[in-house]
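Below: start.cif (mmCIF, C-alpha atoms and all ligand atoms)
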data_model
loop_
_atom_site.label_atom_id
_atom_site.label_comp_id
_atom_site.auth_asym_id
_atom_site.auth_seq_id
_atom_site.Cartn_x
_atom_site.Cartn_y
_atom_site.Cartn_z
CA MET K 1 50.31 72.95 -160.82
CA SER K 2 50.78 75.80 -158.30
CA ASP K 3 54.21 77.14 -157.20
CA VAL K 4 54.06 74.90 -154.14
CA MET K 5 53.60 71.19 -154.87
CA LYS K 6 51.28 69.34 -152.48
CA VAL K 7 52.95 66.05 -151.55
CA GLY K 8 51.72 62.90 -149.81
CA VAL K 9 54.09 60.31 -148.37
CA LEU K 10 53.15 56.61 -148.43
CA GLY K 11 55.00 54.62 -145.79
CA ALA K 12 55.30 57.83 -143.75
CA LEU K 13 56.10 55.99 -140.51
CA GLY K 14 58.77 53.78 -142.08
CA LYS K 15 62.53 54.19 -141.89
CA VAL K 16 62.85 56.06 -145.18
CA GLY K 17 59.34 57.58 -145.11
CA ARG K 18 60.16 59.48 -141.92
CA GLU K 19 63.27 60.99 -143.55
CA VAL K 20 61.29 61.92 -146.64
CA CYS K 21 58.55 63.66 -144.58
CA ALA K 22 61.21 65.73 -142.79
CA ALA K 23 62.94 66.65 -146.06
CA VAL K 24 59.68 67.64 -147.79
CA GLU K 25 58.76 69.82 -144.81
CA ASP K 26 62.22 71.42 -144.72
CA VAL K 27 62.53 72.74 -148.27
CA ASP K 28 60.71 75.49 -150.13
CA GLY K 29 58.45 74.52 -153.00
CA PHE K 30 56.68 71.60 -151.30
CA GLU K 31 53.87 71.23 -148.79
CA LEU K 32 53.45 67.91 -146.98
CA VAL K 33 49.67 67.39 -147.05
CA ALA K 34 49.31 63.68 -146.19
CA ARG K 35 51.24 61.09 -144.18
CA VAL K 36 49.87 57.66 -145.09
CA ASP K 37 50.98 54.41 -143.51
CA ALA K 38 49.67 50.83 -143.29
CA ASP K 39 45.89 50.71 -142.66
CA ASP K 40 45.39 54.41 -143.59
CA SER K 41 43.01 55.11 -146.47
CA LEU K 42 44.49 56.24 -149.78
CA GLU K 43 41.41 58.50 -150.11
CA SER K 44 43.16 60.90 -147.70
CA LEU K 45 45.51 61.77 -150.58
CA VAL K 46 42.58 62.98 -152.67
CA GLU K 47 40.94 64.76 -149.74
CA ALA K 48 44.24 66.60 -149.04
CA GLY K 49 44.65 67.57 -152.71
CA ALA K 50 47.99 65.75 -153.12
CA GLU K 51 49.53 66.45 -156.54
CA ALA K 52 52.37 63.95 -156.07
CA VAL K 53 53.21 61.08 -153.73
CA VAL K 54 56.45 59.52 -152.59
CA ASP K 55 56.16 55.75 -151.97
CA PHE K 56 58.52 53.88 -149.63
CA THR K 57 56.25 51.03 -148.51
CA HIS K 58 56.57 47.34 -149.38
CA PRO K 59 56.81 45.37 -152.63
CA ASP K 60 53.49 43.63 -151.79
CA VAL K 61 51.45 46.87 -151.65
CA VAL K 62 53.17 49.31 -153.98
CA MET K 63 51.26 48.27 -157.14
CA ASP K 64 47.87 48.89 -155.46
CA ASN K 65 49.14 52.32 -154.36
CA LEU K 66 50.22 53.15 -157.90
CA ARG K 67 46.97 51.95 -159.49
CA PHE K 68 45.15 54.37 -157.13
CA CYS K 69 47.51 57.27 -157.90
CA ILE K 70 47.33 56.82 -161.67
CA GLU K 71 43.53 56.55 -161.53
CA HIS K 72 43.40 59.85 -159.61
CA GLY K 73 46.04 61.69 -161.69
CA ILE K 74 48.56 61.90 -158.84
CA HIS K 75 52.25 61.81 -159.86
CA ALA K 76 54.36 59.20 -158.04
CA VAL K 77 58.03 59.08 -157.06
CA VAL K 78 58.69 55.49 -156.01
CA GLY K 79 61.58 54.05 -154.01
CA THR K 80 59.88 50.80 -153.05
CA THR K 81 61.54 47.77 -154.61
CA GLY K 82 60.10 44.66 -156.28
CA PHE K 83 59.64 45.88 -159.86
CA ASP K 84 60.10 43.36 -162.64
CA GLU K 85 59.34 43.73 -166.36
CA SER K 86 55.71 42.61 -165.94
CA ARG K 87 55.03 45.26 -163.27
CA LEU K 88 56.67 47.96 -165.40
CA ALA K 89 54.59 46.84 -168.41
CA GLU K 90 51.39 47.12 -166.37
CA LEU K 91 52.32 50.65 -165.28
CA ARG K 92 53.05 51.69 -168.88
CA SER K 93 49.69 50.36 -169.92
CA LEU K 94 47.82 52.07 -167.04
CA LEU K 95 49.57 55.38 -167.75
CA GLY K 96 48.86 55.23 -171.49
CA SER K 97 49.09 58.78 -172.83
CA SER K 98 48.00 60.48 -169.59
CA SER K 99 49.89 63.50 -168.23
CA THR K 100 50.60 61.68 -164.95
CA GLY K 101 54.23 60.81 -164.27
CA VAL K 102 55.59 57.79 -162.36
CA LEU K 103 59.28 57.50 -161.47
CA ILE K 104 60.57 54.11 -160.30
CA ALA K 105 64.07 54.47 -158.89
CA PRO K 106 65.85 51.40 -157.45
CA ASN K 107 68.16 53.77 -155.56
CA PHE K 108 67.85 57.52 -154.88
CA SER K 109 71.36 58.09 -153.54
CA ILE K 110 73.63 59.95 -155.95
CA GLY K 111 76.61 57.71 -155.16
CA ALA K 112 74.67 54.52 -155.85
CA ILE K 113 73.57 55.85 -159.25
CA LEU K 114 77.20 56.67 -160.08
CA MET K 115 78.32 53.25 -158.81
CA MET K 116 75.86 51.55 -161.19
CA ARG K 117 77.04 53.71 -164.06
CA PHE K 118 80.74 53.11 -163.35
CA ALA K 119 80.09 49.35 -163.10
CA ALA K 120 78.38 49.32 -166.49
CA GLU K 121 81.26 51.33 -168.00
CA ALA K 122 83.86 48.94 -166.58
CA ALA K 123 81.93 45.76 -167.44
CA PRO K 124 83.12 45.26 -171.05
CA PHE K 125 86.79 45.35 -169.96
CA TYR K 126 86.67 42.42 -167.50
CA GLU K 127 86.08 38.68 -167.88
CA SER K 128 84.64 38.28 -164.37
CA VAL K 129 82.09 40.32 -162.43
CA GLU K 130 79.99 39.57 -159.35
CA ILE K 131 77.87 41.79 -157.10
CA VAL K 132 77.73 41.76 -153.29
CA GLU K 133 74.95 43.76 -151.63
CA LEU K 134 74.96 44.32 -147.85
CA HIS K 135 71.91 45.62 -145.94
CA HIS K 136 70.25 45.91 -142.53
CA PRO K 137 68.53 42.69 -141.39
CA THR K 138 64.99 44.18 -141.51
CA LYS K 139 65.06 44.32 -145.32
CA ALA K 140 62.23 42.28 -146.89
CA ASP K 141 63.59 41.60 -150.36
CA ALA K 142 66.71 39.88 -151.65
CA PRO K 143 68.60 40.58 -153.73
CA SER K 144 68.20 44.35 -153.37
CA GLY K 145 66.57 46.36 -156.14
CA THR K 146 69.88 48.14 -156.65
CA ALA K 147 71.77 44.87 -157.08
CA ARG K 148 69.22 43.58 -159.59
CA ARG K 149 69.41 46.79 -161.58
CA THR K 150 73.23 46.78 -161.47
CA ALA K 151 73.27 43.21 -162.73
CA GLU K 152 70.92 44.11 -165.61
CA LEU K 153 73.05 47.12 -166.60
CA VAL K 154 76.31 45.16 -166.37
CA ALA K 155 74.86 42.24 -168.36
CA ARG K 156 73.58 44.61 -171.06
CA ALA K 157 76.98 46.38 -171.30
CA ARG K 158 78.77 43.02 -171.62
CA ALA K 159 76.32 41.77 -174.25
CA ASP K 160 76.59 45.01 -176.27
CA ALA K 161 80.39 44.63 -176.24
CA GLY K 162 80.23 40.95 -177.23
CA VAL K 163 81.71 39.68 -173.93
CA GLY K 164 80.86 36.01 -173.28
CA PRO K 165 79.61 34.38 -170.06
CA VAL K 166 81.60 34.88 -166.84
CA PRO K 167 84.02 31.97 -166.19
CA ASP K 168 82.93 29.60 -163.40
CA ALA K 169 84.04 25.99 -163.03
CA THR K 170 81.74 25.23 -160.06
CA SER K 171 80.35 21.74 -160.58
CA THR K 172 79.29 20.93 -157.03
CA SER K 173 78.00 23.35 -154.37
CA LEU K 174 75.51 23.86 -151.57
CA GLU K 175 72.32 25.61 -152.72
CA GLY K 176 72.83 29.37 -152.56
CA ALA K 177 76.61 29.20 -152.21
CA ARG K 178 77.08 31.00 -155.53
CA GLY K 179 74.28 33.49 -154.89
CA ALA K 180 71.35 34.35 -157.15
CA VAL K 181 71.87 34.79 -160.88
CA VAL K 182 70.40 37.86 -162.60
CA ASP K 183 70.93 37.98 -166.39
CA GLY K 184 73.97 35.70 -165.98
CA ILE K 185 75.54 37.82 -163.20
CA HIS K 186 75.98 36.31 -159.70
CA VAL K 187 74.50 38.45 -156.90
CA HIS K 188 75.21 37.79 -153.19
CA GLY K 189 73.19 39.26 -150.32
CA LEU K 190 74.35 39.87 -146.73
CA ARG K 191 72.01 41.03 -143.91
CA ILE K 192 74.06 42.58 -141.10
CA ARG K 193 72.88 44.46 -137.99
CA GLY K 194 74.44 47.93 -137.97
CA MET K 195 74.48 48.28 -141.75
CA VAL K 196 72.17 50.48 -143.85
CA ALA K 197 72.72 49.96 -147.63
CA HIS K 198 76.02 49.00 -149.26
CA GLN K 199 77.16 47.35 -152.48
CA GLU K 200 80.36 46.14 -154.09
CA VAL K 201 80.80 45.29 -157.73
CA VAL K 202 83.92 43.13 -158.08
CA LEU K 203 85.41 42.87 -161.57
CA GLY K 204 88.42 40.77 -162.56
CA GLY K 205 90.72 40.18 -165.51
CA ILE K 206 94.17 38.71 -166.00
CA GLY K 207 96.30 39.66 -162.98
CA GLU K 208 94.01 42.38 -161.63
CA THR K 209 90.69 43.16 -159.97
CA LEU K 210 88.66 46.35 -159.73
CA THR K 211 86.18 46.84 -156.87
CA ILE K 212 83.57 49.59 -157.05
CA ARG K 213 81.91 50.16 -153.68
CA HIS K 214 79.14 52.44 -152.46
CA ASP K 215 77.96 52.95 -148.86
CA SER K 216 74.79 54.65 -147.61
CA MET K 217 75.55 55.15 -143.92
CA ASP K 218 72.37 57.16 -143.27
CA ARG K 219 68.93 57.13 -144.89
CA ALA K 220 69.27 60.90 -145.36
CA SER K 221 71.39 59.89 -148.39
CA PHE K 222 68.17 59.10 -150.26
CA THR K 223 66.34 62.41 -149.73
CA PRO K 224 68.14 64.76 -152.18
CA GLY K 225 67.32 62.30 -154.96
CA VAL K 226 63.69 62.04 -153.84
CA LEU K 227 63.37 65.85 -153.89
CA LEU K 228 64.92 65.93 -157.39
CA GLY K 229 62.35 63.33 -158.47
CA LEU K 230 59.51 65.46 -157.08
CA ARG K 231 60.82 68.59 -158.84
CA GLU K 232 60.99 66.78 -162.20
CA ILE K 233 58.05 64.39 -162.16
CA GLY K 234 55.42 66.95 -163.24
CA SER K 235 57.26 67.54 -166.51
CA HIS K 236 57.87 63.83 -167.25
CA PRO K 237 54.55 62.16 -168.04
CA GLY K 238 54.47 58.38 -168.35
CA LEU K 239 56.89 55.90 -166.80
CA THR K 240 60.53 56.73 -166.01
CA VAL K 241 62.88 54.06 -164.62
CA GLY K 242 65.98 55.32 -162.79
CA LEU K 243 66.66 58.75 -161.30
CA GLU K 244 69.62 59.09 -163.69
CA GLU K 245 67.05 60.01 -166.36
CA PHE K 246 66.61 63.33 -164.47
CA MET K 247 70.36 63.91 -163.90
CA PRO K 248 72.82 65.73 -166.20
CA LEU K 249 75.13 62.74 -166.61
CA GLY K 250 75.93 63.21 -170.30
N1 LIG B 301 64.96 53.42 -153.88
C1 LIG B 301 65.67 53.73 -152.79
O1 LIG B 301 66.57 54.59 -152.82
C2 LIG B 301 65.38 53.03 -151.52
C3 LIG B 301 64.41 52.06 -151.49
N2 LIG B 301 64.06 51.47 -150.32
C4 LIG B 301 62.93 50.56 -150.38
O2 LIG B 301 61.80 51.24 -149.83
C5 LIG B 301 60.93 50.29 -149.19
C6 LIG B 301 60.70 50.70 -147.74
O3 LIG B 301 61.92 50.64 -147.04
P1 LIG B 301 62.01 51.03 -145.48
O4 LIG B 301 61.58 52.42 -145.24
O5 LIG B 301 63.34 50.58 -145.05
O6 LIG B 301 60.90 50.02 -144.87
P2 LIG B 301 60.01 50.17 -143.54
O7 LIG B 301 59.45 48.83 -143.28
O8 LIG B 301 60.82 50.83 -142.48
O9 LIG B 301 58.86 51.19 -143.96
C7 LIG B 301 57.75 50.85 -144.76
C8 LIG B 301 56.52 51.51 -144.16
O10 LIG B 301 55.42 51.36 -145.04
C9 LIG B 301 54.30 50.96 -144.25
N3 LIG B 301 53.28 50.36 -145.09
C10 LIG B 301 53.02 49.03 -145.30
N4 LIG B 301 51.98 48.88 -146.14
C11 LIG B 301 51.55 50.13 -146.44
C12 LIG B 301 50.50 50.64 -147.27
N5 LIG B 301 49.67 49.82 -147.93
N6 LIG B 301 50.36 51.97 -147.36
C13 LIG B 301 51.17 52.83 -146.70
N7 LIG B 301 52.19 52.40 -145.90
C14 LIG B 301 52.37 51.07 -145.80
C15 LIG B 301 54.90 50.05 -143.21
O11 LIG B 301 54.01 49.82 -142.13
P3 LIG B 301 54.14 48.41 -141.33
O12 LIG B 301 55.55 48.38 -140.79
O13 LIG B 301 53.09 48.54 -140.25
O14 LIG B 301 53.87 47.33 -142.32
C16 LIG B 301 56.11 50.87 -142.82
O15 LIG B 301 55.79 51.89 -141.87
C17 LIG B 301 61.61 48.93 -149.39
O16 LIG B 301 61.11 48.31 -150.55
C18 LIG B 301 63.07 49.29 -149.60
O17 LIG B 301 63.80 48.33 -150.31
C19 LIG B 301 64.69 51.77 -149.15
C20 LIG B 301 65.69 52.68 -149.13
C21 LIG B 301 66.11 53.40 -150.31
O1 LIG B 302 65.77 48.31 -148.20
C1 LIG B 302 66.69 49.16 -148.22
O2 LIG B 302 67.19 49.63 -147.19
C2 LIG B 302 67.16 49.64 -149.51
N1 LIG B 302 66.51 49.27 -150.59
C3 LIG B 302 66.84 49.61 -151.93
C4 LIG B 302 67.27 48.38 -152.69
O3 LIG B 302 66.70 47.30 -152.48
O4 LIG B 302 68.15 48.50 -153.54
C5 LIG B 302 67.82 50.76 -152.01
C6 LIG B 302 68.89 50.72 -150.96
O5 LIG B 302 69.74 49.66 -151.24
C7 LIG B 302 68.28 50.59 -149.57
#
Take the structure in the file and give it back as structure tokens.
Amino acid sequence: MSDVMKVGVLGALGKVGREVCAAVEDVDGFELVARVDADDSLESLVEAGAEAVVDFTHPDVVMDNLRFCIEHGIHAVVGTTGFDESRLAELRSLLGSSSTGVLIAPNFSIGAILMMRFAAEAAPFYESVEIVELHHPTKADAPSGTARRTAELVARARADAGVGPVPDATSTSLEGARGAVVDGIHVHGLRIRGMVAHQEVVLGGIGETLTIRHDSMDRASFTPGVLLGLREIGSHPGLTVGLEEFMPLG
């Protein structure tokens, strides 16, 4: 790879894609060679010599984009949501032992990564925990990728510490009133005009609660993490899940 990495952005006209294009153009070390949006051909990435792509598109199209990138040896830094274990398994199998790197990060903002980590650290100390995610009303997926990931991390931390199921005496309710359940953790989604991306993890024990909250007020909050992903992806072949893998968190 040359000193300047040639980058293509998928979803370049979208809310986050626009921010990513501006950030890639603004910093040294990267050249934005392709802006790809719906109905544009992925071949333009190859024609432009893209060495890496950033994908902020839609859960319905991201797997096709990644199949193309892996087939053409283009690294991928992916913010698009909708990844479950079967999708991750397919990516691992497609990547095999190739030198191509794919990073799937449910959230690129530094504060959200810390919020997930703090929630997992606190989880073993509390009987109760629920997650509330709040987003703009144009969001396609619910619950958010961040909320799903937080629930998985919290559930794993509780299981590792031998904490039992969260207490809940609900025996009658309207469908949805208690939210979705991810690995035994209740997750509630709000869609509110004026909001961007926000999450609270509410933990409770005898006589006390602890609330861990993160707010992205601007989509610029995602771009430093995306640039970190681009800087690191060339030296991390295979599949990486979570930007924290590239951060010195100890
Ligand atoms: N990991 C993270 O930190 C973050 C993740 N996200 C996730 O990123 C994704 C995008 O979010 P957001 O920017 O808000 O969404 P937008 O809808 O604003 O942007 C998505 C863009 O991708 C375009 N698009 C659709 N299909 C394709 C395709 N096949 N190839 C290229 N472009 C395509 C859309 O075009 P059209 O509108 O015409 O369909 C649109 O312009 C979501 O999954 C969201 O959850 C968002 C913020 C942060
Ligand atoms: O759609 C969004 O906006 C966001 N999507 C990601 C998610 O689903 O977690 C990240 C962030 O919450 C913003």
Box dimensions and centre (Å, one decimal) enclosing ligand LIG 301 (chain B), axis-aligned, 5 Å extra per side, as JSON:
{"center_x": 58.1, "center_y": 51.0, "center_z": -147.1, "size_x": 26.9, "size_y": 17.3, "size_z": 23.6}
Compile a residue-level contact table for stretch 171-247 of chain K against stretch 37-52 of chain K at a cut-off of 9 Å, reporting for every qualifying residue the shortest atom pair and its distance in Å to one decimal, with only C-alpha atoms counted, rows ordered by chain and ascending number, as a tab-separated table.
residue	atom	partner	partner_atom	distance
K:Leu230	CA	K:Ala52	CA	7.4
K:Ile233	CA	K:Ala52	CA	8.3
K:Gly234	CA	K:Ala52	CA	8.3
K:Arg219, K:His198, K:Arg158, K:Arg193 ranked by distance to ligand LIG 301 (chain B), top pick (using only C-alpha atoms and all ligand atoms):
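When distances to ligand LIG 301 (chain B) are compared using only C-alpha atoms and all ligand atoms, the smallest one comes from K:Arg219.
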Show me which residues are within 6 Å of ligand LIG 301 (chain B) counting only C-alpha atoms and all ligand atoms, and format the list as a VMD selection string.
chain K and resid 10 to 11 13 to 17 36 to 38 56 to 59 61 79 to 81 105 to 109 222
Give as a list in words the set of residues within 7 Å of the point (84.9, 36.6, -169.5), where distances use the file's coordinates and all atoms listed in the file.
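Within the cut-off we find Tyr126, Glu127, Ser128, Val163, Gly164, Pro165, Val166 and Pro167 of chain K.
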